[in-house]
$ cat protein_22.txt   # compact mmCIF, C-alpha atoms and all ligand atoms
# COMPACT_ATOMS: atom_id res chain seq x y z
CA MET A 440 115.70 96.57 -34.34
CA PRO A 441 112.22 97.35 -32.98
CA PRO A 442 109.51 94.71 -33.46
CA PRO A 443 107.69 94.94 -36.84
CA ALA A 444 104.40 96.87 -36.97
CA ASP A 445 102.19 93.77 -37.30
CA VAL A 446 103.73 92.26 -34.14
CA LEU A 447 103.11 95.49 -32.22
CA ALA A 448 99.56 95.73 -33.58
CA SER A 449 98.67 92.27 -32.31
CA ARG A 450 100.22 92.96 -28.87
CA LEU A 451 98.23 96.18 -28.66
CA ALA A 452 95.03 94.41 -29.69
CA ALA A 453 95.58 91.85 -26.91
CA ALA A 454 96.21 94.62 -24.36
CA ARG A 455 93.08 96.48 -25.48
CA ARG A 456 91.00 93.34 -24.95
CA ARG A 457 92.28 93.30 -21.37
CA ALA A 458 91.66 97.01 -20.90
CA HIS A 459 87.90 96.51 -20.96
CA THR A 460 86.59 94.31 -18.13
CA PRO A 461 83.73 94.53 -15.60
CA ASP A 462 86.19 96.33 -13.28
CA HIS A 463 87.41 99.02 -15.65
CA ASP A 464 86.70 100.41 -19.08
CA GLY A 465 90.23 101.53 -19.88
CA LEU A 466 93.84 101.13 -18.84
CA LEU A 467 96.48 103.70 -17.95
CA LEU A 468 99.98 102.31 -18.45
CA SER A 469 102.94 104.16 -17.01
CA SER A 470 105.73 101.60 -16.79
CA PRO A 471 108.41 102.05 -19.46
CA VAL A 472 108.53 98.25 -19.90
CA SER A 473 104.81 98.12 -20.78
CA LEU A 474 105.25 101.01 -23.21
CA ARG A 475 108.26 99.43 -24.86
CA TYR A 476 106.43 96.12 -25.22
CA LEU A 477 103.32 97.65 -26.80
CA PHE A 478 104.82 100.47 -28.86
CA GLY A 479 108.37 99.24 -29.48
CA VAL A 480 110.03 102.39 -28.19
CA PRO A 481 112.48 102.38 -25.26
CA SER A 482 111.92 105.39 -23.01
CA SER A 483 112.28 106.48 -19.42
CA ALA A 484 108.90 108.23 -19.23
CA GLY A 485 105.50 108.20 -20.89
CA ILE A 486 101.87 107.30 -20.22
CA ALA A 487 99.52 105.37 -22.47
CA VAL A 488 95.74 105.47 -22.08
CA LEU A 489 94.13 102.43 -23.71
CA GLY A 490 90.42 102.82 -24.40
CA PRO A 491 88.08 100.64 -26.43
CA ASP A 492 88.53 102.53 -29.71
CA VAL A 493 91.75 104.45 -29.51
CA SER A 494 95.00 104.54 -27.55
CA THR A 495 96.66 107.78 -26.57
CA VAL A 496 100.37 107.89 -25.88
CA ILE A 497 101.56 110.89 -23.92
CA VAL A 498 105.26 111.62 -24.14
CA ASP A 499 107.57 114.59 -23.87
CA ALA A 500 109.70 116.06 -26.64
CA ARG A 501 112.54 113.58 -26.02
CA TYR A 502 110.49 110.64 -27.28
CA LEU A 503 107.85 112.29 -29.45
CA GLU A 504 109.50 111.48 -32.76
CA ALA A 505 110.24 107.85 -31.87
CA PHE A 506 106.64 107.16 -30.83
CA GLN A 507 105.27 108.99 -33.88
CA ALA A 508 107.56 106.95 -36.13
CA ALA A 509 105.99 103.72 -34.81
CA ALA A 510 102.81 104.90 -36.64
CA LEU A 511 100.48 102.27 -35.20
CA PRO A 512 96.82 102.26 -36.26
CA ALA A 513 94.35 103.85 -33.81
CA VAL A 514 97.18 105.26 -31.71
CA GLU A 515 97.47 108.99 -31.22
CA VAL A 516 100.71 110.42 -29.88
CA VAL A 517 100.38 113.56 -27.80
CA GLU A 518 103.20 115.73 -26.55
CA VAL A 519 103.12 116.89 -22.96
CA PRO A 520 104.38 120.43 -23.20
CA VAL A 521 106.97 121.80 -20.78
CA GLY A 522 105.02 123.31 -17.92
CA ARG A 523 102.17 120.79 -18.00
CA THR A 524 102.38 117.59 -15.97
CA TYR A 525 102.16 114.10 -17.38
CA GLU A 526 99.29 113.42 -14.99
CA ALA A 527 97.27 116.38 -16.23
CA ALA A 528 97.87 115.36 -19.85
CA ALA A 529 96.88 111.75 -19.08
CA CYS A 530 93.68 112.89 -17.37
CA GLY A 531 92.92 114.96 -20.47
CA ALA A 532 93.14 111.77 -22.56
CA VAL A 533 90.95 109.88 -20.07
CA ALA A 534 88.30 112.61 -20.37
CA ALA A 535 88.57 112.78 -24.17
CA GLN A 536 88.01 109.03 -24.41
CA GLY A 537 85.03 109.24 -22.02
CA LEU A 538 86.47 106.65 -19.62
CA ARG A 539 84.96 106.33 -16.15
CA ARG A 540 86.92 103.57 -14.41
CA VAL A 541 90.53 103.35 -15.41
CA GLY A 542 92.87 100.53 -14.43
CA VAL A 543 96.36 101.52 -13.31
CA GLU A 544 99.47 99.34 -12.94
CA ALA A 545 99.57 98.83 -9.18
CA ASP A 546 102.89 96.98 -9.33
CA THR A 547 104.80 99.96 -10.70
CA LEU A 548 102.72 103.14 -10.25
CA THR A 549 103.94 105.06 -7.22
CA ILE A 550 101.58 106.24 -4.51
CA ALA A 551 102.72 109.80 -5.23
CA ARG A 552 101.79 109.48 -8.89
CA LEU A 553 98.42 107.93 -8.11
CA GLY A 554 97.78 110.92 -5.84
CA ALA A 555 98.73 113.28 -8.65
CA LEU A 556 96.38 111.49 -11.07
CA ARG A 557 93.52 111.65 -8.58
CA GLY A 558 94.26 115.33 -8.03
CA ALA A 559 94.24 116.05 -11.77
CA VAL A 560 91.13 114.12 -12.76
CA ALA A 561 87.61 115.47 -12.88
CA ALA A 562 84.86 113.52 -11.08
CA PRO A 563 83.41 110.94 -11.58
CA VAL A 564 86.53 109.17 -13.00
CA GLU A 565 88.00 106.52 -10.73
CA PHE A 566 91.36 104.79 -10.83
CA VAL A 567 91.40 101.09 -9.90
CA GLU A 568 94.34 98.80 -9.20
CA THR A 569 95.30 96.16 -11.76
CA HIS A 570 98.07 93.61 -11.39
CA GLY A 571 100.26 92.32 -14.17
CA LEU A 572 97.88 92.66 -17.13
CA VAL A 573 100.66 93.50 -19.58
CA ALA A 574 103.18 91.30 -17.72
CA ALA A 575 100.92 88.30 -18.39
CA LEU A 576 100.98 89.07 -22.12
CA ARG A 577 104.75 89.50 -22.00
CA ALA A 578 105.25 86.10 -20.37
CA VAL A 579 104.32 84.24 -23.56
CA LYS A 580 106.72 85.25 -26.30
CA ASP A 581 105.61 85.81 -29.90
CA SER A 582 107.54 84.36 -32.82
CA TRP A 583 109.48 87.58 -33.36
CA GLU A 584 110.62 87.51 -29.73
CA LEU A 585 111.56 83.83 -29.97
CA ALA A 586 113.78 84.59 -32.97
CA VAL A 587 115.50 87.30 -30.92
CA PHE A 588 115.95 84.88 -28.01
CA ARG A 589 117.46 82.17 -30.22
CA GLU A 590 119.95 84.62 -31.65
CA ALA A 591 120.72 86.08 -28.20
CA GLY A 592 121.23 82.56 -26.80
CA ARG A 593 123.66 81.71 -29.60
CA ARG A 594 125.61 84.88 -28.98
CA LEU A 595 125.73 84.37 -25.21
CA SER A 596 126.97 80.80 -25.71
CA ALA A 597 129.75 82.22 -27.91
CA VAL A 598 130.62 84.69 -25.16
CA ALA A 599 130.84 81.74 -22.72
CA ALA A 600 133.17 79.87 -25.06
CA CYS A 601 135.41 82.92 -25.27
CA ILE A 602 135.40 83.82 -21.56
CA LEU A 603 135.48 80.56 -19.63
CA PRO A 604 139.00 79.52 -20.77
CA LYS A 605 140.28 82.86 -19.46
CA VAL A 606 139.21 82.07 -15.90
CA SER A 607 142.57 80.89 -14.56
CA ASP A 608 145.11 81.03 -11.75
CA GLY A 609 146.42 84.58 -11.28
CA CYS A 610 143.51 86.59 -12.79
CA SER A 611 141.39 88.77 -10.57
CA GLU A 612 137.60 88.56 -10.52
CA ARG A 613 137.46 92.14 -11.76
CA GLU A 614 139.62 91.34 -14.81
CA ILE A 615 137.27 88.50 -15.80
CA ALA A 616 134.24 90.78 -15.33
CA TRP A 617 135.79 93.32 -17.69
CA GLU A 618 136.58 90.58 -20.24
CA ILE A 619 132.91 89.59 -20.09
CA GLU A 620 131.75 93.16 -20.73
CA MET A 621 134.06 93.41 -23.74
CA ALA A 622 132.97 90.03 -25.12
CA LEU A 623 129.30 91.03 -24.80
CA HIS A 624 130.05 94.20 -26.71
CA ASP A 625 132.00 92.33 -29.40
CA ALA A 626 129.13 89.83 -29.75
CA GLY A 627 126.83 92.71 -30.70
CA PHE A 628 124.69 92.86 -27.56
CA ASP A 629 123.05 96.19 -26.72
CA GLY A 630 124.97 95.91 -23.44
CA PRO A 631 125.23 93.71 -20.34
CA ALA A 632 121.88 92.69 -18.88
CA PHE A 633 123.38 93.13 -15.40
CA GLU A 634 126.79 93.62 -13.80
CA PRO A 635 128.64 90.30 -14.30
CA ILE A 636 129.10 88.10 -11.24
CA VAL A 637 132.55 86.55 -10.85
CA ALA A 638 132.69 84.79 -7.48
CA SER A 639 135.86 82.82 -6.81
CA GLY A 640 136.74 80.45 -3.97
CA PRO A 641 134.86 81.34 -0.76
CA ASN A 642 133.12 84.26 -2.55
CA GLY A 643 131.18 81.63 -4.52
CA ALA A 644 129.09 81.00 -1.42
CA ARG A 645 127.35 84.33 -2.00
CA PRO A 646 124.91 83.91 -4.91
CA HIS A 647 125.05 87.59 -5.91
CA HIS A 648 128.66 88.41 -5.10
CA ARG A 649 129.98 91.13 -7.41
CA ALA A 650 133.41 90.85 -8.98
CA GLY A 651 136.08 92.17 -6.62
CA ASP A 652 139.85 92.21 -6.27
CA ARG A 653 140.30 88.59 -5.21
CA VAL A 654 142.85 86.72 -7.33
CA ILE A 655 141.76 83.33 -8.64
CA ARG A 656 143.91 80.36 -7.53
CA ASN A 657 144.31 76.74 -8.56
CA GLY A 658 141.79 74.62 -6.65
CA ASP A 659 139.10 77.34 -6.80
CA LEU A 660 135.62 77.00 -8.11
CA VAL A 661 134.61 80.23 -9.81
CA VAL A 662 130.93 81.08 -10.36
CA VAL A 663 130.66 83.21 -13.50
CA ASP A 664 127.17 84.63 -14.15
CA PHE A 665 126.68 87.00 -17.06
CA GLY A 666 123.96 88.20 -19.39
CA GLY A 667 123.40 90.42 -22.37
CA ARG A 668 120.54 92.35 -23.91
CA LEU A 669 119.66 92.03 -27.57
CA ASP A 670 116.92 94.27 -28.98
CA GLY A 671 116.00 94.90 -25.35
CA TYR A 672 115.64 91.23 -24.39
CA ALA A 673 117.81 89.75 -21.62
CA VAL A 674 119.55 86.40 -21.71
CA ASP A 675 121.37 85.08 -18.67
CA MET A 676 123.86 82.26 -18.16
CA THR A 677 126.10 80.87 -15.41
CA ARG A 678 128.97 78.43 -15.44
CA THR A 679 131.15 77.33 -12.56
CA VAL A 680 134.74 76.94 -13.58
CA ALA A 681 136.99 74.42 -11.82
CA VAL A 682 140.46 75.96 -11.87
CA GLY A 683 143.29 73.43 -11.82
CA HIS A 684 142.90 70.55 -9.41
CA ILE A 685 139.77 70.71 -7.27
CA ASP A 686 139.08 68.44 -4.31
CA ALA A 687 136.55 65.60 -4.28
CA GLU A 688 134.01 67.54 -2.24
CA ARG A 689 133.87 70.44 -4.69
CA ARG A 690 133.73 67.97 -7.56
CA SER A 691 130.65 66.41 -5.94
CA TRP A 692 128.98 69.85 -5.76
CA LEU A 693 129.52 70.29 -9.49
CA GLN A 694 128.08 66.87 -10.28
CA ALA A 695 125.07 67.37 -8.02
CA VAL A 696 124.15 70.78 -9.45
CA GLY A 697 124.54 69.43 -13.00
CA GLU A 698 122.15 66.59 -12.15
CA ALA A 699 119.69 68.99 -10.53
CA GLN A 700 119.70 71.20 -13.62
CA ARG A 701 119.10 68.24 -15.94
CA ALA A 702 116.24 67.03 -13.71
CA ALA A 703 114.59 70.47 -13.73
CA ILE A 704 114.92 70.84 -17.51
CA ALA A 705 113.46 67.35 -17.98
CA ALA A 706 110.48 68.28 -15.79
CA ALA A 707 109.59 71.43 -17.75
CA ALA A 708 106.78 71.20 -20.31
CA PRO A 709 103.53 72.98 -21.17
CA GLY A 710 100.85 72.42 -18.51
CA VAL A 711 103.40 71.78 -15.77
CA ALA A 712 103.30 73.99 -12.67
CA PRO A 713 106.48 76.08 -12.26
CA SER A 714 106.79 74.71 -8.70
CA GLU A 715 107.10 71.19 -10.17
CA VAL A 716 110.20 72.24 -12.10
CA ASP A 717 111.62 73.79 -8.94
CA ARG A 718 110.82 70.62 -6.99
CA ALA A 719 112.66 68.43 -9.51
CA ALA A 720 115.88 70.39 -8.91
CA ARG A 721 115.41 70.32 -5.12
CA ARG A 722 114.68 66.59 -5.11
CA ALA A 723 117.87 65.84 -7.05
CA LEU A 724 119.94 67.84 -4.55
CA ALA A 725 118.15 66.24 -1.59
CA GLY A 726 119.24 62.85 -2.96
CA ARG A 727 122.83 63.98 -2.30
CA ASP A 728 122.02 65.66 1.00
CA MET A 729 122.59 69.11 -0.48
CA ALA A 730 119.01 70.45 -0.45
CA GLU A 731 119.75 72.93 2.34
CA ALA A 732 122.61 74.46 0.38
CA PHE A 733 120.22 75.48 -2.44
CA VAL A 734 119.12 78.85 -1.09
CA HIS A 735 117.28 80.46 -4.00
CA SER A 736 114.60 79.58 -6.50
CA THR A 737 115.34 77.45 -9.56
CA GLY A 738 114.75 80.11 -12.19
CA HIS A 739 113.02 83.21 -13.46
CA GLY A 740 111.39 84.35 -16.66
CA LEU A 741 113.36 86.44 -19.14
CA GLY A 742 112.14 89.20 -21.40
CA LEU A 743 112.40 92.97 -21.45
CA GLU A 744 113.26 92.51 -17.78
CA VAL A 745 115.99 90.19 -16.49
CA HIS A 746 113.62 88.85 -13.85
CA GLU A 747 109.97 88.47 -14.79
CA ARG A 748 107.22 85.85 -15.05
CA PRO A 749 107.20 82.87 -14.83
CA TRP A 750 108.80 82.35 -11.42
CA ILE A 751 110.32 78.87 -11.20
CA ALA A 752 110.02 78.72 -7.44
CA PRO A 753 108.43 76.64 -4.66
CA ARG A 754 105.54 79.12 -4.63
CA GLY A 755 105.70 80.18 -8.25
CA ASP A 756 102.27 78.96 -9.34
CA ALA A 757 100.27 82.15 -8.74
CA ASP A 758 100.41 82.94 -12.46
CA GLY A 759 99.34 79.46 -13.59
CA ARG A 760 101.03 76.73 -15.58
CA LEU A 761 103.88 76.79 -18.07
CA GLU A 762 102.83 77.54 -21.64
CA ALA A 763 104.57 77.12 -24.97
CA GLY A 764 106.50 80.31 -25.70
CA MET A 765 107.54 81.05 -22.12
CA VAL A 766 111.26 81.70 -21.70
CA PHE A 767 113.00 81.20 -18.37
CA THR A 768 116.27 80.26 -16.70
CA VAL A 769 117.06 76.98 -14.95
CA GLU A 770 119.78 77.73 -12.41
CA PRO A 771 120.14 75.49 -9.39
CA GLY A 772 123.12 76.05 -7.11
CA VAL A 773 124.68 75.06 -3.82
CA TYR A 774 126.38 77.48 -1.44
CA TYR A 775 128.61 76.69 1.55
CA PRO A 776 129.58 79.78 3.58
CA GLY A 777 133.33 80.19 3.90
CA ARG A 778 134.01 77.45 1.38
CA GLY A 779 132.41 78.28 -1.94
CA GLY A 780 129.58 77.42 -4.25
CA VAL A 781 128.38 76.19 -7.61
CA ARG A 782 125.64 77.43 -9.92
CA ILE A 783 124.83 76.31 -13.45
CA GLU A 784 122.32 78.34 -15.46
CA ASP A 785 120.84 78.00 -18.92
CA ASP A 786 117.89 79.60 -20.66
CA VAL A 787 115.04 77.55 -22.10
CA VAL A 788 111.89 78.16 -24.11
CA VAL A 789 108.82 75.99 -23.56
CA THR A 790 107.81 74.17 -26.75
CA VAL A 791 104.71 72.07 -27.47
CA ALA A 792 106.47 68.96 -26.17
CA GLY A 793 109.00 70.11 -23.55
CA VAL A 794 111.69 72.76 -23.71
CA GLU A 795 114.38 73.86 -26.11
CA CYS A 796 117.68 75.13 -24.64
CA LEU A 797 118.70 78.56 -25.87
CA THR A 798 122.19 78.55 -24.35
CA SER A 799 124.90 75.95 -24.30
CA ALA A 800 128.45 75.46 -23.02
CA PRO A 801 130.10 72.58 -21.16
CA PRO A 802 128.17 72.53 -17.85
CA ALA A 803 131.16 71.89 -15.57
CA PHE A 804 133.86 73.89 -17.22
CA GLU A 805 137.39 72.81 -16.34
CA ALA A 806 140.22 75.27 -16.73
CA HIS A 807 143.61 73.57 -16.92
CA GLU A 808 146.27 74.13 -14.31
CA SER A 809 148.54 76.98 -15.29
ZN ZN B 901 122.40 84.61 -14.07
ZN ZN B 902 119.31 84.20 -13.67
$ encode --input "protein_22.txt" --output "structure tokens"
Amino acid sequence: MPPPADVLASRLAAARRRAHTPDHDGLLLSSPVSLRYLFGVPSSAGIAVLGPDVSTVIVDARYLEAFQAAALPAVEVVEVPVGRTYEAAACGAVAAQGLRRVGVEADTLTIARLGALRGAVAAPVEFVETHGLVAALRAVKDSWELAVFREAGRRLSAVAACILPKVSDGCSEREIAWEIEMALHDAGFDGPAFEPIVASGPNGARPHHRAGDRVIRNGDLVVVDFGGRLDGYAVDMTRTVAVGHIDAERRSWLQAVGEAQRAAIAAAAPGVAPSEVDRAARRALAGRDMAEAFVHSTGHGLGLEVHERPWIAPRGDADGRLEAGMVFTVEPGVYYPGRGGVRIEDDVVVTVAGVECLTSAPPAFEAHES
């Protein structure tokens, strides 16, 4: 389901307010994620020119009908005919709107495309770099998005409940990965948000190991990281399964990472710097002498992208403080090369008082000896 028209209209109004600043009088958006967020249509190509009075969306025949169907007020949809370039059509819209200084998305616009725009535009129009204007809007979810996230979190938790008991002695990583893909499909997700990670035994020491042919054995820890997309929005969850009898050292990893995750979740609230949440996880692991085994950041924002703002990292404060409505993962881990690893990941939304967890499953999942 695309977002309702009133939700899209208020997103577009917020983007238009940001289009007009002392630095630029309009905005040219070319990233499919920005277009999907503002117009509700998934596409692989398209350019939007946001001016003070009107927005022009330029698409080719593949997406024309979908963008027209969105029928947003003060939005005109223009088809770029075969034989004309997107850049030329976009510059036509810039001229028609009388814009002089147009912000472009420096984080996603290629140098080649910027060159093409500059080649197609008539003087005295200038293109100026902007950074993350739409991404900043996307970081704080509206109530429609939060409803999608709650439903997606419920469904992903159900997938966890179905999958984790299947992680057992004798299965290969690849078999579990396929079970995950099927369970995501059966749960009604649009599809996986990323290729599932199933990292057993020593493979667990590599945070982004992909599922391979290794056969899971009793005594293994198995890091299972999986996510789905619902209405375009990604949710993401990890559990580490203890298969059969695991030794005391591995058991201590599980306990420590569980504590670190609880500490980070407890630290998260509106007004808190993302680095504070990261520090809470690191401090808990340092208390058990495991800080050096935690080799990545504590979490990442979720939305139309699997990794987006806010960055829950030691240096994640560039975009400010946590705000109610932000959705992100909390996923501390420890990794010991040659031996294995543990990661536990849940998704949370910042509320007025703290956070609400969107996903749930037993944090240290124990599969019985088979
Ligand atoms: Zn994950
Ligand atoms: Zn994640």
$ closest_residue --input "protein_22.txt" --among "A:Cys610, A:Cys796, A:Val637, A:Ala702" --to "ligand ZN 901 (chain B)" --atoms "only C-alpha atoms and all ligand atoms"
A:Val637
$ residues_around --input "protein_22.txt" --residues "segment 687-691 of chain A" --least-positions-apart "2" --cutoff "9 Å" --atoms "all atoms listed in the file" --output "number ranges by chain"
A: 659-660, 681, 685, 693-696, 727, 779-781
$ closest_residue --input "protein_22.txt" --among "A:Asp664, A:Asp728, A:Asp756, A:Glu698" --to "ligand ZN 902 (chain B)" --atoms "all atoms listed in the file"
A:Asp664
$ closest_atom_pairs --input "protein_22.txt" --of "chain A" --to "ligand ZN 901 (chain B)" --cutoff "10 Å" --atoms "only C-alpha atoms and all ligand atoms" --output "Markdown table"
| residue | atom | partner | partner_atom | distance |
| --- | --- | --- | --- | --- |
| A:Ala632 | CA | B:ZN901 | ZN | 9.4 |
| A:Phe633 | CA | B:ZN901 | ZN | 8.7 |
| A:Pro635 | CA | B:ZN901 | ZN | 8.4 |
| A:Ile636 | CA | B:ZN901 | ZN | 8.1 |
| A:Pro646 | CA | B:ZN901 | ZN | 9.5 |
| A:His647 | CA | B:ZN901 | ZN | 9.1 |
| A:Val662 | CA | B:ZN901 | ZN | 9.9 |
| A:Val663 | CA | B:ZN901 | ZN | 8.4 |
| A:Asp664 | CA | B:ZN901 | ZN | 4.8 |
| A:Phe665 | CA | B:ZN901 | ZN | 5.7 |
| A:Gly666 | CA | B:ZN901 | ZN | 6.6 |
| A:Val674 | CA | B:ZN901 | ZN | 8.3 |
| A:Asp675 | CA | B:ZN901 | ZN | 4.7 |
| A:Met676 | CA | B:ZN901 | ZN | 4.9 |
| A:Thr677 | CA | B:ZN901 | ZN | 5.4 |
| A:Arg678 | CA | B:ZN901 | ZN | 9.1 |
| A:Gly738 | CA | B:ZN901 | ZN | 9.1 |
| A:His739 | CA | B:ZN901 | ZN | 9.5 |
| A:Val745 | CA | B:ZN901 | ZN | 8.8 |
| A:His746 | CA | B:ZN901 | ZN | 9.8 |
| A:Thr768 | CA | B:ZN901 | ZN | 8.0 |
| A:Val769 | CA | B:ZN901 | ZN | 9.4 |
| A:Glu770 | CA | B:ZN901 | ZN | 7.5 |
| A:Arg782 | CA | B:ZN901 | ZN | 8.9 |
| A:Ile783 | CA | B:ZN901 | ZN | 8.7 |
| A:Glu784 | CA | B:ZN901 | ZN | 6.4 |
| A:Asp785 | CA | B:ZN901 | ZN | 8.3 |
| A:Asp786 | CA | B:ZN901 | ZN | 9.4 |
$ atom_distance --input "protein_22.txt" --atom1 "atom CA of Arg653 of chain A" --atom2 "atom CA of Ala597 of chain A"
25.8 Å
$ atom_distance --input "protein_22.txt" --atom1 "atom CA of Val498 of chain A" --atom2 "atom CA of Gly667 of chain A"
28.0 Å
$ residues_around --input "protein_22.txt" --residues "segment 539-548 of chain A" --least-positions-apart "6" --cutoff "6 Å" --atoms "all atoms listed in the file" --output "PyMOL selection string"
chain A and resi 463-467+564-570
$ atom_distance --input "protein_22.txt" --atom1 "atom CA of Ala706 of chain A" --atom2 "atom CA of Lys580 of chain A"
20.3 Å
$ closest_residue --input "protein_22.txt" --among "A:Tyr502, A:Tyr774, A:Phe767, A:Phe628" --to "ligand ZN 902 (chain B)" --atoms "all atoms listed in the file"
A:Phe767
$ residues_around --input "protein_22.txt" --residues "segment 528-535 of chain A" --least-positions-apart "2" --cutoff "9 Å" --atoms "all atoms listed in the file" --output "PyMOL selection string"
chain A and resi 465+467+486-490+494-497+517-520+523-526+537-539+541+556-557+559-561+564
$ closest_residue --input "protein_22.txt" --among "A:Arg455, A:Arg649, A:Lys605, A:His735" --to "ligand ZN 902 (chain B)" --atoms "all atoms listed in the file"
A:His735
$ closest_residue --input "protein_22.txt" --among "A:Thr790, A:Gly759, A:Gly764, A:Gly742" --to "ligand ZN 902 (chain B)" --atoms "all atoms listed in the file"
A:Gly742
$ residues_around --input "protein_22.txt" --residues "Glu618 of chain A" --least-positions-apart "5" --cutoff "9 Å" --atoms "only C-alpha atoms" --output "list in words"
Ile602, Lys605, Arg613 and Leu623 of chain A
$ write_last_selection --input "protein_22.txt" --atoms "C-alpha atoms" --output "compact mmCIF listing (two decimals), keeping the file's coordinate frame"
# COMPACT_ATOMS: atom_id res chain seq x y z
CA ILE A 602 135.40 83.82 -21.56
CA LYS A 605 140.28 82.86 -19.46
CA ARG A 613 137.46 92.14 -11.76
CA LEU A 623 129.30 91.03 -24.80
$ closest_residue --input "protein_22.txt" --among "A:Pro604, A:Gly755, A:Gly772, A:Pro713" --to "Val680 of chain A" --atoms "all atoms listed in the file"
A:Pro604
$ residues_near_point --input "protein_22.txt" --point "(110.9, 68.0, -8.4)" --cutoff "12 Å" --atoms "all atoms listed in the file" --output "JSON, numbers by chain"
{"A": [698, 699, 700, 701, 702, 703, 704, 705, 706, 707, 711, 712, 713, 714, 715, 716, 717, 718, 719, 720, 721, 722, 723, 724, 725, 726, 730, 737, 751, 752, 753, 771]}
$ decode --input "protein_22.txt" --residues "segment 580-592 of chain A" --atoms "N, CA and C atoms" --output "PDB file, in the first residue's frame"
ATOM      1  N   LYS A 580       9.892   9.485  11.562  1.00  0.00           N
ATOM      2  CA  LYS A 580       8.790   8.803  10.886  1.00  0.00           C
ATOM      3  C   LYS A 580       7.446   9.433  11.238  1.00  0.00           C
ATOM      4  N   ASP A 581       6.547   9.497  10.258  1.00  0.00           N
ATOM      5  CA  ASP A 581       5.188   9.977  10.529  1.00  0.00           C
ATOM      6  C   ASP A 581       4.334   8.817  11.044  1.00  0.00           C
ATOM      7  N   SER A 582       3.102   9.130  11.452  1.00  0.00           N
ATOM      8  CA  SER A 582       2.309   8.093  12.127  1.00  0.00           C
ATOM      9  C   SER A 582       1.954   6.948  11.171  1.00  0.00           C
ATOM     10  N   TRP A 583       1.814   7.252   9.893  1.00  0.00           N
ATOM     11  CA  TRP A 583       1.565   6.176   8.931  1.00  0.00           C
ATOM     12  C   TRP A 583       2.770   5.228   8.883  1.00  0.00           C
ATOM     13  N   GLU A 584       3.964   5.799   8.841  1.00  0.00           N
ATOM     14  CA  GLU A 584       5.171   4.966   8.814  1.00  0.00           C
ATOM     15  C   GLU A 584       5.309   4.142  10.095  1.00  0.00           C
ATOM     16  N   LEU A 585       4.976   4.756  11.236  1.00  0.00           N
ATOM     17  CA  LEU A 585       5.111   4.020  12.494  1.00  0.00           C
ATOM     18  C   LEU A 585       4.155   2.829  12.534  1.00  0.00           C
ATOM     19  N   ALA A 586       2.969   2.992  11.953  1.00  0.00           N
ATOM     20  CA  ALA A 586       2.035   1.860  11.895  1.00  0.00           C
ATOM     21  C   ALA A 586       2.630   0.745  11.028  1.00  0.00           C
ATOM     22  N   VAL A 587       3.264   1.121   9.921  1.00  0.00           N
ATOM     23  CA  VAL A 587       3.914   0.115   9.069  1.00  0.00           C
ATOM     24  C   VAL A 587       5.032  -0.583   9.847  1.00  0.00           C
ATOM     25  N   PHE A 588       5.828   0.197  10.573  1.00  0.00           N
ATOM     26  CA  PHE A 588       6.934  -0.395  11.337  1.00  0.00           C
ATOM     27  C   PHE A 588       6.435  -1.354  12.418  1.00  0.00           C
ATOM     28  N   ARG A 589       5.352  -0.981  13.101  1.00  0.00           N
ATOM     29  CA  ARG A 589       4.845  -1.874  14.156  1.00  0.00           C
ATOM     30  C   ARG A 589       4.396  -3.201  13.555  1.00  0.00           C
ATOM     31  N   GLU A 590       3.705  -3.113  12.436  1.00  0.00           N
ATOM     32  CA  GLU A 590       3.249  -4.337  11.781  1.00  0.00           C
ATOM     33  C   GLU A 590       4.454  -5.148  11.256  1.00  0.00           C
ATOM     34  N   ALA A 591       5.416  -4.460  10.668  1.00  0.00           N
ATOM     35  CA  ALA A 591       6.600  -5.161  10.139  1.00  0.00           C
ATOM     36  C   ALA A 591       7.375  -5.821  11.276  1.00  0.00           C
ATOM     37  N   GLY A 592       7.472  -5.137  12.419  1.00  0.00           N
ATOM     38  CA  GLY A 592       8.177  -5.700  13.575  1.00  0.00           C
ATOM     39  C   GLY A 592       7.478  -6.947  14.095  1.00  0.00           C
TER      40      GLY A 592
END
